[in-house]
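Worksheet: the structure to be examined is printed underneath.
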Amino acid sequence: MTAEPDGPEDRLRRFATIWSRAVFPVTSTSLTRPEFERELLPLARRLSRALHARPLDADEGRAVGATLVSVHCTDPEALSRTLDCVDAYLVLYCGEDGDREELRARCSRLQHAMAAGFAQELRERTLAEQEAISAAALKAQGVVAQALHATEARFRAVFEGAAIGIGMADLDGNILQVNGALLRMFGIPEDSLRTRNVKEWTHPEDAPQTWTLYEELVRGEREHYHLEKAFYRPDGTVLWTNLTVSLLRDADGEPQYQLALMEDTTERRLLNLRLRYEATHDALTGLPNRTFFFERLEKALGAGSGQRFGLCYLDLDGFKTVNDSLGHAAGDRLLVEVADRLQSCATAPGEMVARLGGDEFVALTTGPDTQREVDDLATRIMSALLAPISIDGRELTVRGSIGIVEGPAGERSPAEVLRSADITMYRAKSAGGNRFELADPEADARAITRHGLTTALPAALERDEFFIEYQPLVHLGDGSVRGAEALVRWLHPQHGVLGPDRFIPLAEHTGLIVPLGRWVLEQSVRQARKWRERHDQAGPLRINVNLSPCQLTHPGLVQDTVDILERAGVEPDALCLEVTESALIGADDDLLKPLRRLAEMGVDIALDDFGTGYSNLANLRRLPVSILKLDRSFTQGMQQFPADPVDLKIVEGIVSLAHSLDLAVTVEGVETGAQAEQLRILGCDTAQGWYYARPGPPDRLHQLALVDATG
């Protein structure tokens with residue numbers, strides 16, 4: 001095998017060699033084949049330059065075609081072999097650094113130009129030969145007739161043998177000659193085609209400049225033009241072509257004929273349209289996909305002044321359950337039915353429905369008055385989902401949550417609009433679903449902030465951005481400090497100090513609450529050790545640490561607690577773990593087992609926020625708790641004098657019950673001395689609140705404890 005040429009010049013010479021070998025056998029020349037190859041090399045170089053020229057210089061192609069005649073390549077087979085060679089090898093050897101699809105199209109246009117140049121040169125040569133023959137007619141009429149016949153035969157052979165459609169017409173548009181390839185394109189006989197006038201071949205999709213270029217050509221103001229044009233066939237189908245029209249002049253340079261070269265591109269165009277459809281439409285439902293939707297949304301948002309848009313972002317409620325229970329095939333059929341119903345809801349001008357993916361759909365409406373239209377569209381969508389959908393003999397009820405964004409064009413980007421709609425949709429879903437909500441900029445900002453905090457949480461723990469403040473627990477009998485509750489804070493680089501209500505729910509949602517809770521427990525127990533070393537009480541100050549429901553179910557809770565206490569050298573009775581009442585409602589033995597183990601070790605368990613949930617008092621005896629923490633709502637009625645007698649009775653009853661069960665009672669939210677005194681009278685054991693101290697650094701608690709000790 002011969003190695004492929006390395007450099008561009010080597011490739012060019014290889015192309016010239018292949019060309020010469022193809023054409024030389026049908027060329028009437030005295031040159032040897034290597035000599036003939038050297039004649040073709042400059043023509044090959046011109047074709048290579050023309051292939052890459054910007055814009056395409058068709059004159060080079062015509063010039064090369066004309067030069068073929070001058071080097072005696074006048075045999076009909078010579079042009080046919082030349083065009084075959086250019087089609088097969090020009091891009092292969094001279095197009096190594098370009099887009100092959102584009103180069104193929106440019107190569108096709110060069111072939112058209114070469115054929116036109118060859119035809120015009122051959123015709124002009126024929127005319128020249130005819131003139132020479134006429135001058136010698138008296139001496140050699142027989143020779144003249146034979147030469148004329150041969151020339152015409154060669155021209156006719158080239159004309160008929162070309163693979164592209166060729167037609168010739170006069171300057172009035174009357175068709176004079178057509179070849180077989182063109183007749184096959186249109187599917188009609190020559191007699192019928194030649195009765196047509198070029199100007200009759202209009203099509204609704206003609207480019208605006210099509211007939212302007214035509215008029216300029218027949219007036220002699222341009223030599224050629226090239227464009228994509230559609231024609232109607234007699235059966236009503238459409239023929240798409242790459243059309244090149246050239247002007248043929250007589251010996252005096254006056255316009256005489258027009259020559260059209262046509263390449264049938266119908267199948268290529270249909271393929272491109274099919275690929276475009278597949279790229280912009282959802283394969284399952286046939287709806288426009290995310291790509292197509294963003295194109296339409298971007299266009300809607302870029303509309304002029306006075307235009308508005310409305311967008312409905314739909315997510316099906318409980319679709320995952322359908323997939324999990326009935327299978328993905330049933331889920332797909334459900335999506336197809338939903339898509340059909342949505343499509344029937346958006347039929348007005350300016351409305352469209354698309355599928356973004358999964359069970360998420362969007363509906364868009366545009367116009368000057370979309371405030372009312374988008375509400376109507378959302379209502380139609382919700383109504384369309386009311387009727388059950390039958391899948392595999394089951395009647396499935398479909399519901400959806402919709403987020404609506406509406407506003408003037410030109411103010412937001414497509415990404416911003418879709419983000420707002422997505423946030424609003426999830427707000428509707430969190431409110432119970434089967435409803436639609438309108439976008440709220442403030443709610444969007446909160447959701448974006450929550451998302452930012454969620455993504456920043458893991459790195460915040462690694463960067464030590466969390467710290468703990470301590471709120472003292474005070475004995476209501478003697479006012480002494482008995483311990484403190486550890487309250488974690490986040491020192492955020494942008495938002496400043498954030499309370500637990502801002503990030504604890506996010507940590508629980510992401511699972512980060514387990515490592516964060518372990519860190520809080522470890523830091524708090526270490527602080528308890530420091531207090532014990534600095535305080536001269538007989539026993540250590542107790543540290544209260546909140547335990548989330550996620551931590552309660554974590555299998556390493558007991559072992560982590562034991563390890564932390566042992567490393568700090570702190571006895572278990574110095575630690576109290578607070579568990580909310582709601583976390584223990586309906587708790588089974590498996591859930592209570594780790595709490596019982598901790599309680600058996602000596603760790604106090606406090607039932608936090610007691611009274612805020614469904615307080616089944618009978619359950620208290622089965623819970624391993626030693627402390628009840630009354631919610632601050634019980635102290636609200638004691639801020640005024642006289643206190644609410646109902647609140648007093650409730651607190652009195654809870655304290656009595658707790659003491660009868662050997663449970664201590666702690667009260668939260670004490671803000672006044674009157675509240676503290678009333679709670680003392682009712683028998684509460686300890687309290688915490690701003691009346692005693694706000695949450696603060698650990699040293700403040702130590703100072704309070706010293707004051708109590710010296711007082």
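Every chain in the structure tokens has a letter given in the order shown (A, B, ...), and although residue numbers restart at 1 in each chain, ligands are simply numbered from 1 in the order shown.
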Original post:
If we count only C-alpha atoms, what is near A:Leu110 at a cut-off of 10 Å, once residues fewer than 5 positions away on the same chain are taken out, given as a list in words?
Top reply: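 Those residues are Leu47, Ala50, Leu51, Leu56, Asp57, Ala58, Asp59, Glu60, Gly61, Arg62, Val64, Gly65, Leu83, Val86, Asp87, Arg104, Ala105, Ala115 and Ala116 of chain A.
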How would the residues just chosen look if you wrote them out with C-alpha atoms as a CSV table (one decimal), in the first residue's frame?
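What ended up in again-v3.csv:
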```csv
chain,number,residue,atom,x,y,z
A,47,LEU,CA,-9.4,24.3,-7.5
A,50,ALA,CA,-11.2,28.1,-4.8
A,51,LEU,CA,-12.4,25.4,-2.4
A,56,LEU,CA,-16.5,31.0,-2.9
A,57,ASP,CA,-15.1,32.2,-6.2
A,58,ALA,CA,-17.1,30.4,-8.8
A,59,ASP,CA,-15.2,32.2,-11.6
A,60,GLU,CA,-12.2,30.0,-10.7
A,61,GLY,CA,-14.3,26.9,-11.3
A,62,ARG,CA,-15.5,28.3,-14.7
A,64,VAL,CA,-10.7,25.7,-14.9
A,65,GLY,CA,-13.6,24.2,-16.9
A,83,LEU,CA,-16.3,15.9,-12.4
A,86,VAL,CA,-13.3,16.3,-8.3
A,87,ASP,CA,-16.3,15.0,-6.5
A,104,ARG,CA,-18.6,19.0,0.1
A,105,ALA,CA,-21.2,21.7,-0.6
A,115,ALA,CA,-19.4,22.4,-16.1
A,116,ALA,CA,-20.7,25.9,-16.9
```
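The shortest atom-to-atom distance to A:Glu485, with only C-alpha atoms taken into account, belongs to A:Gln471 out of A:Thr561, A:Gln471, A:Gln120, A:Ser420.
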**OP:** Assign secondary structure with DSSP using the backbone only, and return the residues of stretch 525-562 of chain A in helix (DSSP H, G or I) as a PyMOL selection string.
**Re:** chain A and resi 525-534+549-552+557-562
Subject >> Among the residues A:Ala163, A:Ala428, A:Val238, A:Ala128, the one that comes closest to A:Asp250 [using only C-alpha atoms] >> reply: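 Closest to A:Asp250, using only C-alpha atoms: A:Ala128.
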Subject >> Length of the atom CA of A:Ala664 to atom CA of A:Asp685 vector [Å] >> reply: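 If I compute the distance from atom CA of A:Ala664 to atom CA of A:Asp685, I get 6.2 Å.
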**OP:** Could you jot down the atom CA of A:Tyr93 to atom CA of A:Pro55 separation for me, Å, one decimal place?
**Re:**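 Computing the Euclidean distance for atom CA of A:Tyr93 and atom CA of A:Pro55 yields 20.6 Å.
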**OP:** Name the residues of stretch 538-568 of chain A that come out as strand (DSSP E) in a backbone DSSP run; write them as a list in words.
**Re:**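 Listing strand (DSSP E) positions across stretch 538-568 of chain A yields Arg542, Ile543, Asn544, Val545, Asn546 and Leu547 of chain A.
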**OP:** May I have the residues within 6 Å of stretch 625-638 of chain A as a list of chain:residue names, using only C-alpha atoms and disregarding those fewer than 3 positions away in the same chain?
**Re:**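 The neighbour list is A:Ile605, A:Ala606, A:Leu607, A:Asp608, A:Asp609, A:Phe610, A:Ala643, A:Asp644, A:Leu663, A:Ala664, A:Val665, A:Thr666, A:Val667, A:Glu668, A:Gly669, A:Gln675.
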Original post:
With only C-alpha atoms as the basis for distance, which of A:Asn197, A:Gly310, A:Asp172, A:Asp282 is at the shortest distance from A:Gln256?
Top reply: A:Asp172
**OP:** Fewer than 4 positions away in the same chain doesn't count, so skip those; otherwise give me all residues within 8 Å of A:Met382, counting only C-alpha atoms, as a PyMOL selection string.
**Re:** chain A and resi 378+386+399-400+434-435
Write out as a Markdown table a residue-level contact list of stretch 372-462 of chain A versus stretch 338-351 of chain A with cut-off 10 Å: for each qualifying residue the closest pair of atoms and the distance in Å to one decimal, counting only C-alpha atoms, rows sorted by chain and residue number upward.
```
| residue | atom | partner | partner_atom | distance |
| --- | --- | --- | --- | --- |
| A:Glu373 | CA | A:Glu351 | CA | 9.8 |
| A:Val374 | CA | A:Glu351 | CA | 9.7 |
| A:Asp376 | CA | A:Cys345 | CA | 9.8 |
| A:Leu377 | CA | A:Cys345 | CA | 7.0 |
| A:Ala378 | CA | A:Cys345 | CA | 9.0 |
| A:Thr379 | CA | A:Cys345 | CA | 9.5 |
| A:Arg380 | CA | A:Cys345 | CA | 6.1 |
| A:Ile381 | CA | A:Leu342 | CA | 6.2 |
| A:Met382 | CA | A:Leu342 | CA | 9.4 |
| A:Ser383 | CA | A:Cys345 | CA | 9.5 |
| A:Ala384 | CA | A:Arg341 | CA | 6.0 |
| A:Leu385 | CA | A:Val338 | CA | 7.4 |
| A:Ile389 | CA | A:Val338 | CA | 8.6 |
| A:Val398 | CA | A:Val338 | CA | 8.6 |
```
Original post:
A:His226: which residues within 9 Å, counting only C-alpha atoms, same-chain residues fewer than 2 positions away excluded, as a ChimeraX atom specification?
Top reply: /A:109,224,228,242-246
Original post:
Which residue out of A:Glu131, A:Ala16, A:Thr265, A:Pro25 has the minimum interatomic distance to A:Arg38 when only C-alpha atoms are used?
Top reply: A:Ala16
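Distance-wise, atom CA of A:Met185 and atom CA of A:Thr241 end up 9.5 Å apart.
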Subject >> Using only C-alpha atoms: which of A:Val646, A:Leu356, A:Val579, A:Ile468 has the shortest distance to A:Val488 >> reply: A:Ile468
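Compared by their closest atoms to A:Gln371, and using only C-alpha atoms, the residues A:Arg233, A:Arg13, A:Arg308, A:Arg518 rank with A:Arg308 nearest.
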Original post:
A:Leu661: which residues within 12 Å, counting only C-alpha atoms, same-chain residues fewer than 4 positions away excluded, as a list in words?
Top reply: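 My list of contacting residues is Leu617, Ala618, Asn619, Leu620, Arg621, Arg622, Leu623, Pro624, Val625, Ser626, Ile627, Leu628, Ile654, Val655, Ser656, Leu657 and Val665 of chain A.
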